[in-house]
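Below is the file target28.pdb, which contains PDB, C-alpha atoms and all ligand atoms.
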```
ATOM      1  CA  MET A   1      12.577  84.364 -40.649  1.00  0.00           C
ATOM      2  CA  LYS A   2      15.249  81.775 -41.070  1.00  0.00           C
ATOM      3  CA  LEU A   3      18.969  82.477 -41.353  1.00  0.00           C
ATOM      4  CA  LEU A   4      20.979  79.776 -43.069  1.00  0.00           C
ATOM      5  CA  TYR A   5      24.540  79.991 -41.815  1.00  0.00           C
ATOM      6  CA  SER A   6      27.692  77.956 -41.474  1.00  0.00           C
ATOM      7  CA  PRO A   7      29.585  78.155 -38.177  1.00  0.00           C
ATOM      8  CA  GLY A   8      32.394  80.714 -38.410  1.00  0.00           C
ATOM      9  CA  ALA A   9      31.599  81.681 -42.028  1.00  0.00           C
ATOM     10  CA  CYS A  10      30.897  85.251 -43.112  1.00  0.00           C
ATOM     11  CA  SER A  11      27.278  84.600 -42.132  1.00  0.00           C
ATOM     12  CA  VAL A  12      28.404  85.171 -38.541  1.00  0.00           C
ATOM     13  CA  GLY A  13      28.108  88.917 -39.270  1.00  0.00           C
ATOM     14  CA  ILE A  14      24.435  88.601 -40.283  1.00  0.00           C
ATOM     15  CA  HIS A  15      23.850  86.305 -37.313  1.00  0.00           C
ATOM     16  CA  VAL A  16      25.143  89.135 -35.090  1.00  0.00           C
ATOM     17  CA  LEU A  17      22.731  91.594 -36.729  1.00  0.00           C
ATOM     18  CA  MET A  18      19.794  89.221 -36.143  1.00  0.00           C
ATOM     19  CA  GLU A  19      20.718  89.088 -32.460  1.00  0.00           C
ATOM     20  CA  GLU A  20      21.200  92.862 -32.279  1.00  0.00           C
ATOM     21  CA  ILE A  21      17.699  93.286 -33.717  1.00  0.00           C
ATOM     22  CA  GLY A  22      16.350  90.843 -31.154  1.00  0.00           C
ATOM     23  CA  LYS A  23      13.216  89.696 -32.980  1.00  0.00           C
ATOM     24  CA  PRO A  24      12.347  85.977 -33.150  1.00  0.00           C
ATOM     25  CA  TYR A  25      14.091  84.062 -35.942  1.00  0.00           C
ATOM     26  CA  GLU A  26      15.433  80.618 -36.603  1.00  0.00           C
ATOM     27  CA  ALA A  27      19.127  79.967 -37.271  1.00  0.00           C
ATOM     28  CA  GLN A  28      19.832  76.818 -39.275  1.00  0.00           C
ATOM     29  CA  ALA A  29      23.378  75.546 -39.683  1.00  0.00           C
ATOM     30  CA  VAL A  30      24.465  74.344 -43.127  1.00  0.00           C
ATOM     31  CA  ASN A  31      27.107  71.639 -43.010  1.00  0.00           C
ATOM     32  CA  PHE A  32      29.835  72.604 -45.498  1.00  0.00           C
ATOM     33  CA  ARG A  33      31.801  69.414 -44.806  1.00  0.00           C
ATOM     34  CA  GLU A  34      28.809  67.431 -46.060  1.00  0.00           C
ATOM     35  CA  ARG A  35      28.520  69.935 -48.955  1.00  0.00           C
ATOM     36  CA  GLU A  36      24.918  70.633 -47.978  1.00  0.00           C
ATOM     37  CA  GLN A  37      25.079  73.988 -49.774  1.00  0.00           C
ATOM     38  CA  TYR A  38      25.185  72.077 -53.091  1.00  0.00           C
ATOM     39  CA  GLN A  39      22.266  69.778 -52.293  1.00  0.00           C
ATOM     40  CA  PRO A  40      18.708  70.415 -53.504  1.00  0.00           C
ATOM     41  CA  ALA A  41      17.312  71.242 -50.034  1.00  0.00           C
ATOM     42  CA  PHE A  42      19.661  74.243 -50.055  1.00  0.00           C
ATOM     43  CA  THR A  43      19.915  75.136 -53.742  1.00  0.00           C
ATOM     44  CA  GLU A  44      16.141  75.307 -54.134  1.00  0.00           C
ATOM     45  CA  LYS A  45      16.348  78.218 -51.679  1.00  0.00           C
ATOM     46  CA  ASN A  46      19.637  79.692 -52.884  1.00  0.00           C
ATOM     47  CA  PRO A  47      21.110  78.322 -56.136  1.00  0.00           C
ATOM     48  CA  LYS A  48      24.271  80.357 -55.461  1.00  0.00           C
ATOM     49  CA  SER A  49      25.154  77.770 -52.768  1.00  0.00           C
ATOM     50  CA  LYS A  50      26.282  80.489 -50.353  1.00  0.00           C
ATOM     51  CA  VAL A  51      25.598  81.606 -46.832  1.00  0.00           C
ATOM     52  CA  PRO A  52      24.346  83.951 -45.493  1.00  0.00           C
ATOM     53  CA  THR A  53      20.946  83.132 -46.940  1.00  0.00           C
ATOM     54  CA  LEU A  54      17.887  84.718 -45.387  1.00  0.00           C
ATOM     55  CA  VAL A  55      14.463  83.144 -45.853  1.00  0.00           C
ATOM     56  CA  ARG A  56      11.961  85.834 -44.941  1.00  0.00           C
ATOM     57  CA  ASP A  57       8.520  85.432 -43.395  1.00  0.00           C
ATOM     58  CA  ASP A  58       6.787  85.612 -46.775  1.00  0.00           C
ATOM     59  CA  GLY A  59       9.030  82.810 -48.070  1.00  0.00           C
ATOM     60  CA  SER A  60      11.138  85.073 -50.288  1.00  0.00           C
ATOM     61  CA  VAL A  61      14.893  84.616 -50.132  1.00  0.00           C
ATOM     62  CA  LEU A  62      17.543  87.304 -49.829  1.00  0.00           C
ATOM     63  CA  THR A  63      21.219  86.642 -50.546  1.00  0.00           C
ATOM     64  CA  GLU A  64      24.521  88.609 -50.508  1.00  0.00           C
ATOM     65  CA  PHE A  65      25.792  89.956 -47.202  1.00  0.00           C
ATOM     66  CA  PRO A  66      25.494  93.678 -48.020  1.00  0.00           C
ATOM     67  CA  ALA A  67      21.935  93.300 -49.366  1.00  0.00           C
ATOM     68  CA  ILE A  68      20.790  91.297 -46.346  1.00  0.00           C
ATOM     69  CA  ALA A  69      22.449  93.731 -43.915  1.00  0.00           C
ATOM     70  CA  PHE A  70      20.968  96.747 -45.705  1.00  0.00           C
ATOM     71  CA  TRP A  71      17.471  95.207 -45.770  1.00  0.00           C
ATOM     72  CA  LEU A  72      17.666  94.296 -42.071  1.00  0.00           C
ATOM     73  CA  ALA A  73      18.685  97.862 -41.212  1.00  0.00           C
ATOM     74  CA  ARG A  74      15.976  99.450 -43.369  1.00  0.00           C
ATOM     75  CA  SER A  75      13.229  97.169 -42.131  1.00  0.00           C
ATOM     76  CA  ASN A  76      14.128  97.707 -38.462  1.00  0.00           C
ATOM     77  CA  PRO A  77      14.697 101.489 -38.418  1.00  0.00           C
ATOM     78  CA  GLU A  78      14.201 101.721 -34.656  1.00  0.00           C
ATOM     79  CA  LYS A  79      17.400  99.688 -34.178  1.00  0.00           C
ATOM     80  CA  LYS A  80      19.430 102.421 -35.908  1.00  0.00           C
ATOM     81  CA  LEU A  81      21.740 100.011 -37.722  1.00  0.00           C
ATOM     82  CA  LEU A  82      22.518 102.619 -40.397  1.00  0.00           C
ATOM     83  CA  PRO A  83      23.349 106.305 -39.922  1.00  0.00           C
ATOM     84  CA  ASP A  84      20.524 108.737 -40.855  1.00  0.00           C
ATOM     85  CA  ASP A  85      22.523 110.957 -43.201  1.00  0.00           C
ATOM     86  CA  ALA A  86      23.621 110.191 -46.746  1.00  0.00           C
ATOM     87  CA  GLU A  87      27.315 110.643 -45.925  1.00  0.00           C
ATOM     88  CA  GLY A  88      27.147 108.240 -42.970  1.00  0.00           C
ATOM     89  CA  GLN A  89      25.190 105.677 -44.969  1.00  0.00           C
ATOM     90  CA  ALA A  90      27.611 105.875 -47.875  1.00  0.00           C
ATOM     91  CA  ARG A  91      30.589 105.427 -45.533  1.00  0.00           C
ATOM     92  CA  ALA A  92      28.976 102.392 -43.898  1.00  0.00           C
ATOM     93  CA  LEU A  93      28.260 100.827 -47.307  1.00  0.00           C
ATOM     94  CA  GLU A  94      31.747 101.721 -48.540  1.00  0.00           C
ATOM     95  CA  ALA A  95      33.390  99.872 -45.649  1.00  0.00           C
ATOM     96  CA  MET A  96      31.013  96.911 -45.884  1.00  0.00           C
ATOM     97  CA  ASP A  97      31.598  96.490 -49.601  1.00  0.00           C
ATOM     98  CA  TYR A  98      35.352  96.646 -49.134  1.00  0.00           C
ATOM     99  CA  VAL A  99      35.200  93.958 -46.455  1.00  0.00           C
ATOM    100  CA  VAL A 100      33.020  91.610 -48.504  1.00  0.00           C
ATOM    101  CA  ALA A 101      34.202  92.168 -52.065  1.00  0.00           C
ATOM    102  CA  THR A 102      37.911  92.705 -51.445  1.00  0.00           C
ATOM    103  CA  ILE A 103      39.149  91.524 -48.047  1.00  0.00           C
ATOM    104  CA  HIS A 104      36.924  88.439 -48.043  1.00  0.00           C
ATOM    105  CA  MET A 105      36.362  87.465 -51.673  1.00  0.00           C
ATOM    106  CA  GLN A 106      39.769  88.483 -53.053  1.00  0.00           C
ATOM    107  CA  GLY A 107      41.902  87.979 -49.934  1.00  0.00           C
ATOM    108  CA  PHE A 108      40.596  85.362 -47.518  1.00  0.00           C
ATOM    109  CA  THR A 109      39.125  83.116 -50.215  1.00  0.00           C
ATOM    110  CA  ARG A 110      42.551  82.866 -51.868  1.00  0.00           C
ATOM    111  CA  ILE A 111      44.038  81.683 -48.567  1.00  0.00           C
ATOM    112  CA  PHE A 112      41.382  79.047 -47.849  1.00  0.00           C
ATOM    113  CA  ARG A 113      40.272  78.084 -51.355  1.00  0.00           C
ATOM    114  CA  PRO A 114      43.347  78.552 -53.606  1.00  0.00           C
ATOM    115  CA  GLU A 115      41.996  75.889 -55.999  1.00  0.00           C
ATOM    116  CA  ARG A 116      39.246  78.311 -57.012  1.00  0.00           C
ATOM    117  CA  PHE A 117      41.895  80.701 -58.353  1.00  0.00           C
ATOM    118  CA  ALA A 118      44.463  78.285 -59.828  1.00  0.00           C
ATOM    119  CA  PRO A 119      43.724  74.718 -60.974  1.00  0.00           C
ATOM    120  CA  SER A 120      47.318  73.590 -60.626  1.00  0.00           C
ATOM    121  CA  ALA A 121      48.362  72.609 -57.072  1.00  0.00           C
ATOM    122  CA  SER A 122      51.871  73.908 -57.730  1.00  0.00           C
ATOM    123  CA  ASP A 123      50.442  77.449 -57.840  1.00  0.00           C
ATOM    124  CA  HIS A 124      48.519  77.225 -54.577  1.00  0.00           C
ATOM    125  CA  ASP A 125      51.234  78.555 -52.268  1.00  0.00           C
ATOM    126  CA  ALA A 126      51.612  81.632 -54.467  1.00  0.00           C
ATOM    127  CA  VAL A 127      47.838  82.145 -54.528  1.00  0.00           C
ATOM    128  CA  LYS A 128      47.677  81.850 -50.735  1.00  0.00           C
ATOM    129  CA  ALA A 129      50.520  84.353 -50.325  1.00  0.00           C
ATOM    130  CA  GLN A 130      48.748  86.771 -52.624  1.00  0.00           C
ATOM    131  CA  GLY A 131      45.536  86.300 -50.607  1.00  0.00           C
ATOM    132  CA  ARG A 132      47.369  86.997 -47.368  1.00  0.00           C
ATOM    133  CA  GLU A 133      48.788  90.196 -48.861  1.00  0.00           C
ATOM    134  CA  ILE A 134      45.335  91.395 -49.960  1.00  0.00           C
ATOM    135  CA  PHE A 135      43.832  90.449 -46.595  1.00  0.00           C
ATOM    136  CA  GLU A 136      46.518  92.262 -44.581  1.00  0.00           C
ATOM    137  CA  LYS A 137      46.521  95.318 -46.829  1.00  0.00           C
ATOM    138  CA  GLY A 138      42.741  95.556 -46.454  1.00  0.00           C
ATOM    139  CA  LEU A 139      42.892  95.353 -42.686  1.00  0.00           C
ATOM    140  CA  ALA A 140      45.690  97.941 -42.568  1.00  0.00           C
ATOM    141  CA  LEU A 141      43.622 100.337 -44.658  1.00  0.00           C
ATOM    142  CA  LEU A 142      40.544  99.955 -42.452  1.00  0.00           C
ATOM    143  CA  ASP A 143      42.745 100.244 -39.367  1.00  0.00           C
ATOM    144  CA  LYS A 144      43.769 103.736 -40.493  1.00  0.00           C
ATOM    145  CA  GLN A 145      40.137 104.676 -41.070  1.00  0.00           C
ATOM    146  CA  MET A 146      39.213 103.471 -37.580  1.00  0.00           C
ATOM    147  CA  ALA A 147      41.724 105.757 -35.806  1.00  0.00           C
ATOM    148  CA  GLY A 148      39.913 107.627 -33.028  1.00  0.00           C
ATOM    149  CA  LYS A 149      36.605 105.889 -33.746  1.00  0.00           C
ATOM    150  CA  GLU A 150      34.645 103.323 -31.746  1.00  0.00           C
ATOM    151  CA  TYR A 151      32.598 102.099 -34.680  1.00  0.00           C
ATOM    152  CA  VAL A 152      32.926 102.385 -38.460  1.00  0.00           C
ATOM    153  CA  ALA A 153      30.257 105.043 -39.067  1.00  0.00           C
ATOM    154  CA  GLY A 154      29.811 106.732 -35.698  1.00  0.00           C
ATOM    155  CA  ALA A 155      27.431 104.504 -33.757  1.00  0.00           C
ATOM    156  CA  PHE A 156      27.268 100.727 -34.229  1.00  0.00           C
ATOM    157  CA  SER A 157      26.007  99.911 -37.727  1.00  0.00           C
ATOM    158  CA  ILE A 158      25.805  97.072 -40.232  1.00  0.00           C
ATOM    159  CA  ALA A 159      29.381  97.919 -41.306  1.00  0.00           C
ATOM    160  CA  ASP A 160      30.657  96.827 -37.890  1.00  0.00           C
ATOM    161  CA  ALA A 161      29.089  93.397 -38.330  1.00  0.00           C
ATOM    162  CA  ALA A 162      30.990  93.029 -41.610  1.00  0.00           C
ATOM    163  CA  LEU A 163      34.257  94.269 -40.143  1.00  0.00           C
ATOM    164  CA  PHE A 164      33.747  91.877 -37.235  1.00  0.00           C
ATOM    165  CA  TYR A 165      33.771  88.757 -39.378  1.00  0.00           C
ATOM    166  CA  VAL A 166      37.087  89.537 -41.047  1.00  0.00           C
ATOM    167  CA  GLU A 167      38.564  90.508 -37.677  1.00  0.00           C
ATOM    168  CA  PHE A 168      37.348  87.140 -36.393  1.00  0.00           C
ATOM    169  CA  TRP A 169      38.978  85.362 -39.321  1.00  0.00           C
ATOM    170  CA  GLY A 170      42.229  87.280 -38.859  1.00  0.00           C
ATOM    171  CA  SER A 171      42.391  86.697 -35.140  1.00  0.00           C
ATOM    172  CA  ALA A 172      40.831  83.269 -34.593  1.00  0.00           C
ATOM    173  CA  ARG A 173      41.495  81.538 -37.925  1.00  0.00           C
ATOM    174  CA  LEU A 174      44.758  83.046 -39.184  1.00  0.00           C
ATOM    175  CA  LYS A 175      46.064  83.679 -35.635  1.00  0.00           C
ATOM    176  CA  MET A 176      47.375  87.048 -36.717  1.00  0.00           C
ATOM    177  CA  GLU A 177      47.887  90.091 -34.525  1.00  0.00           C
ATOM    178  CA  LEU A 178      45.227  92.556 -35.647  1.00  0.00           C
ATOM    179  CA  PRO A 179      46.421  96.134 -36.198  1.00  0.00           C
ATOM    180  CA  PRO A 180      45.719  98.257 -33.070  1.00  0.00           C
ATOM    181  CA  ASN A 181      42.504 100.098 -33.995  1.00  0.00           C
ATOM    182  CA  LEU A 182      40.936  96.922 -35.351  1.00  0.00           C
ATOM    183  CA  LYS A 183      42.058  95.001 -32.296  1.00  0.00           C
ATOM    184  CA  ALA A 184      40.235  97.540 -30.116  1.00  0.00           C
ATOM    185  CA  HIS A 185      37.169  97.374 -32.399  1.00  0.00           C
ATOM    186  CA  TYR A 186      37.211  93.574 -32.246  1.00  0.00           C
ATOM    187  CA  GLN A 187      37.354  93.660 -28.430  1.00  0.00           C
ATOM    188  CA  ARG A 188      34.459  96.144 -28.437  1.00  0.00           C
ATOM    189  CA  MET A 189      32.479  93.764 -30.636  1.00  0.00           C
ATOM    190  CA  LEU A 190      33.325  90.738 -28.467  1.00  0.00           C
ATOM    191  CA  ALA A 191      31.949  92.631 -25.458  1.00  0.00           C
ATOM    192  CA  ARG A 192      28.531  93.029 -27.088  1.00  0.00           C
ATOM    193  CA  PRO A 193      25.989  90.536 -25.695  1.00  0.00           C
ATOM    194  CA  ALA A 194      24.645  89.844 -29.204  1.00  0.00           C
ATOM    195  CA  VAL A 195      28.122  88.787 -30.369  1.00  0.00           C
ATOM    196  CA  GLN A 196      28.617  86.600 -27.307  1.00  0.00           C
ATOM    197  CA  ARG A 197      25.318  84.819 -27.934  1.00  0.00           C
ATOM    198  CA  VAL A 198      26.236  84.168 -31.566  1.00  0.00           C
ATOM    199  CA  LEU A 199      29.709  82.831 -30.780  1.00  0.00           C
ATOM    200  CA  LYS A 200      28.140  80.481 -28.248  1.00  0.00           C
ATOM    201  CA  GLU A 201      25.444  79.314 -30.658  1.00  0.00           C
ATOM    202  CA  GLU A 202      27.955  78.746 -33.475  1.00  0.00           C
ATOM    203  CA  GLY A 203      30.363  76.976 -31.091  1.00  0.00           C
ATOM    204  CA  LEU A 204      33.165  79.496 -31.671  1.00  0.00           C
ATOM    205  CA  GLN A 205      35.764  81.258 -29.578  1.00  0.00           C
ATOM    206  CA  GLY A 206      36.650  84.864 -30.396  1.00  0.00           C
TER     207      GLY A 206
HETATM  208  N1  LIG A 301      29.158  87.502 -51.981  1.00  0.00           N
HETATM  209  C1  LIG A 301      28.579  86.614 -50.985  1.00  0.00           C
HETATM  210  C2  LIG A 301      29.682  85.755 -50.411  1.00  0.00           C
HETATM  211  C3  LIG A 301      29.170  84.671 -49.546  1.00  0.00           C
HETATM  212  C4  LIG A 301      30.211  83.594 -49.375  1.00  0.00           C
HETATM  213  O1  LIG A 301      31.245  83.528 -50.047  1.00  0.00           O
HETATM  214  N2  LIG A 301      29.919  82.698 -48.439  1.00  0.00           N
HETATM  215  C5  LIG A 301      30.782  81.565 -48.225  1.00  0.00           C
HETATM  216  C6  LIG A 301      31.044  81.382 -46.721  1.00  0.00           C
HETATM  217  S1  LIG A 301      31.977  82.682 -46.036  1.00  0.00           S
HETATM  218  C7  LIG A 301      30.062  80.292 -48.697  1.00  0.00           C
HETATM  219  O2  LIG A 301      28.859  80.178 -48.513  1.00  0.00           O
HETATM  220  N3  LIG A 301      30.805  79.374 -49.308  1.00  0.00           N
HETATM  221  C8  LIG A 301      30.274  78.110 -49.704  1.00  0.00           C
HETATM  222  C9  LIG A 301      30.856  77.662 -50.997  1.00  0.00           C
HETATM  223  O3  LIG A 301      31.423  78.489 -51.730  1.00  0.00           O
HETATM  224  O4  LIG A 301      30.754  76.468 -51.263  1.00  0.00           O
HETATM  225  C10 LIG A 301      27.918  87.440 -49.906  1.00  0.00           C
HETATM  226  O5  LIG A 301      28.186  88.640 -49.815  1.00  0.00           O
HETATM  227  O6  LIG A 301      27.078  86.906 -49.168  1.00  0.00           O
END
```
Since I need it in another form, could you write the structure as structure tokens?
Amino acid sequence: MKLLYSPGACSVGIHVLMEEIGKPYEAQAVNFREREQYQPAFTEKNPKSKVPTLVRDDGSVLTEFPAIAFWLARSNPEKKLLPDDAEGQARALEAMDYVVATIHMQGFTRIFRPERFAPSASDHDAVKAQGREIFEKGLALLDKQMAGKEYVAGAFSIADAALFYVEFWGSARLKMELPPNLKAHYQRMLARPAVQRVLKEEGLQG
């Protein structure tokens, strides 16, 4: 399999899952500065121009973080990346969807790509401020849910890989103080060998 990723992008969460699974795969960096995601070599695989993109062994391509994470968990059941029970699975998916669809797409994207929300440069500061509010509110909400827990849905699951990437963005990119339960979760994630290998390979510091 081949994971197309960009260093420090949301794909870092899927990269962590690939390392947790521990089966052979190739990780190929996509250079956003060179806009490689819009060039034919990439768009013929994923016309959405987004990472993570997973090219599977049969050549088929899977996109969208939650779908890739879910498929990886279901196709490697021995790794126990999803709880067994319906309630646990639903909670893991609930948290993962909130991270990707709200904290990332509605919050973080406004901060780093305000032009995608408002064409006029004079509006960009307001868009960024709104993004920061959504991002912080999202983290605060998940912080409450993490009280007394080591991982999102009991044991480590795909939801933790999603939470990890927004914690990474908050801490390393936005230089913000994470709320206490997320800070502890982030430290727990940074201590995992799979996470350490990924940060090294992507040239990042947690
Ligand atoms: N909904 C997508 C979001 C993926 C996404 O936004 N990826 C960003 C990096 S964090 C990207 O590839 N951006 C490239 C671009 O928009 O040009 C998912 O869940 O995978």
Exercise for review: Check what the PyMOL selection byres (((not hetatm)) within 8 of (chain A and resi 301)) selects in the file above and give those residues as a list in words.
Suggested key: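 With the shown file as input, the PyMOL selection byres (((not hetatm)) within 8 of (chain A and resi 301)) matches Tyr5, Ser6, Gly8, Ala9, Cys10, Ser11, Phe32, Arg35, Gln37, Tyr38, Ser49, Lys50, Val51, Pro52, Thr53, Thr63, Glu64, Phe65, Pro66, Ala67, Val100, Ala101, His104, Met105 and Thr109 of chain A.
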Review point. Between A:Pro119, A:Gly107, A:Pro47, A:Pro179, which is the closest to Lys144 in chain A once you count all atoms listed in the file?
Key: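 Between A:Pro119, A:Gly107, A:Pro47, A:Pro179, the residue approaching Lys144 in chain A most closely is A:Pro179.
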Review point. Between A:Gly88, A:Ala172, A:Glu26, A:Gln187, which has the minimum distance to Ala155 in chain A (counting all atoms listed in the file)?
Key: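 Among the listed residues, A:Gly88 lies closest to Ala155 in chain A.
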Practice item. Run through the PyMOL selection byres (((chain A and resi 103) around 12) and not hetatm) on the given coordinates and return the selected residues as a ChimeraX atom specification. Key: /A:10,95-102,104-111,130-142,162-163,165-167,169-170
Point to revise | Hits from the PyMOL selection byres (((chain A and resi 18) around 12) and not hetatm), listed as number ranges by chain | key: A: 1-5, 11-17, 19-27, 52, 54, 68-69, 71-73, 75-76, 79, 81, 158, 161, 194-195, 197-198
Exercise for review: Would you mind listing what lies within 12 Å of Asp84 in chain A as a VMD selection string, with all atoms listed in the file counted and same-chain residues fewer than 4 positions away left out?
Suggested key: chain A and resid 73 to 74 77 to 80 88 to 92 153 to 155 157
Please produce a file of those selected residues containing C-alpha atoms, as a CSV table (one decimal), keeping the file's coordinate frame.
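Final output, saved to again.csv:
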```
chain,number,residue,atom,x,y,z
A,73,ALA,CA,18.7,97.9,-41.2
A,74,ARG,CA,16.0,99.4,-43.4
A,77,PRO,CA,14.7,101.5,-38.4
A,78,GLU,CA,14.2,101.7,-34.7
A,79,LYS,CA,17.4,99.7,-34.2
A,80,LYS,CA,19.4,102.4,-35.9
A,88,GLY,CA,27.1,108.2,-43.0
A,89,GLN,CA,25.2,105.7,-45.0
A,90,ALA,CA,27.6,105.9,-47.9
A,91,ARG,CA,30.6,105.4,-45.5
A,92,ALA,CA,29.0,102.4,-43.9
A,153,ALA,CA,30.3,105.0,-39.1
A,154,GLY,CA,29.8,106.7,-35.7
A,155,ALA,CA,27.4,104.5,-33.8
A,157,SER,CA,26.0,99.9,-37.7
```
Padded axis-aligned box of range 17-31 of chain A (4 Å per side), centre and edge lengths, Å, one decimal, as AutoDock Vina command-line options:
```
--center_x 19.7 --center_y 82.5 --center_z -37.1 --size_x 22.8 --size_y 29.6 --size_z 20.0
```
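Reported to one decimal place, the separation of CA of Ala129 in chain A from CA of Glu115 in chain A is 13.3 Å.
Going from CA of Phe70 in chain A over to CA of Ala159 in chain A, you cover 9.6 Å.
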Exercise for review: Quick one: pull the distance between CA of Pro7 in chain A and CA of Gly59 in chain A, Å, one decimal.
Suggested key: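 Result for CA of Pro7 in chain A versus CA of Gly59 in chain A: 23.3 Å, one decimal.
If you measure from each of A:Ala86, A:Leu199, A:Val30, A:Met146 to Ala184 in chain A using all atoms listed in the file, the closest one turns out to be A:Met146.
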Point to revise | Nearest-residue call for Ala126 in chain A, choices A:Gly206, A:Glu94, A:Arg188, A:Pro114, using only C-alpha atoms | key: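 Using only C-alpha atoms, Ala126 in chain A sits closest to A:Pro114.
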Exercise for review: Tell me which of A:Ala121, A:Val152, A:Met176, A:Ala29 sits closest to Glu201 in chain A, counting all atoms listed in the file.
Suggested key: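 For Glu201 in chain A, the nearest of the candidates is A:Ala29.
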Point to revise | Best match for closeness to Gln145 in chain A among A:Gln196, A:Asn181, A:Ser60, A:Asn31, counting only C-alpha atoms | key: A:Asn181
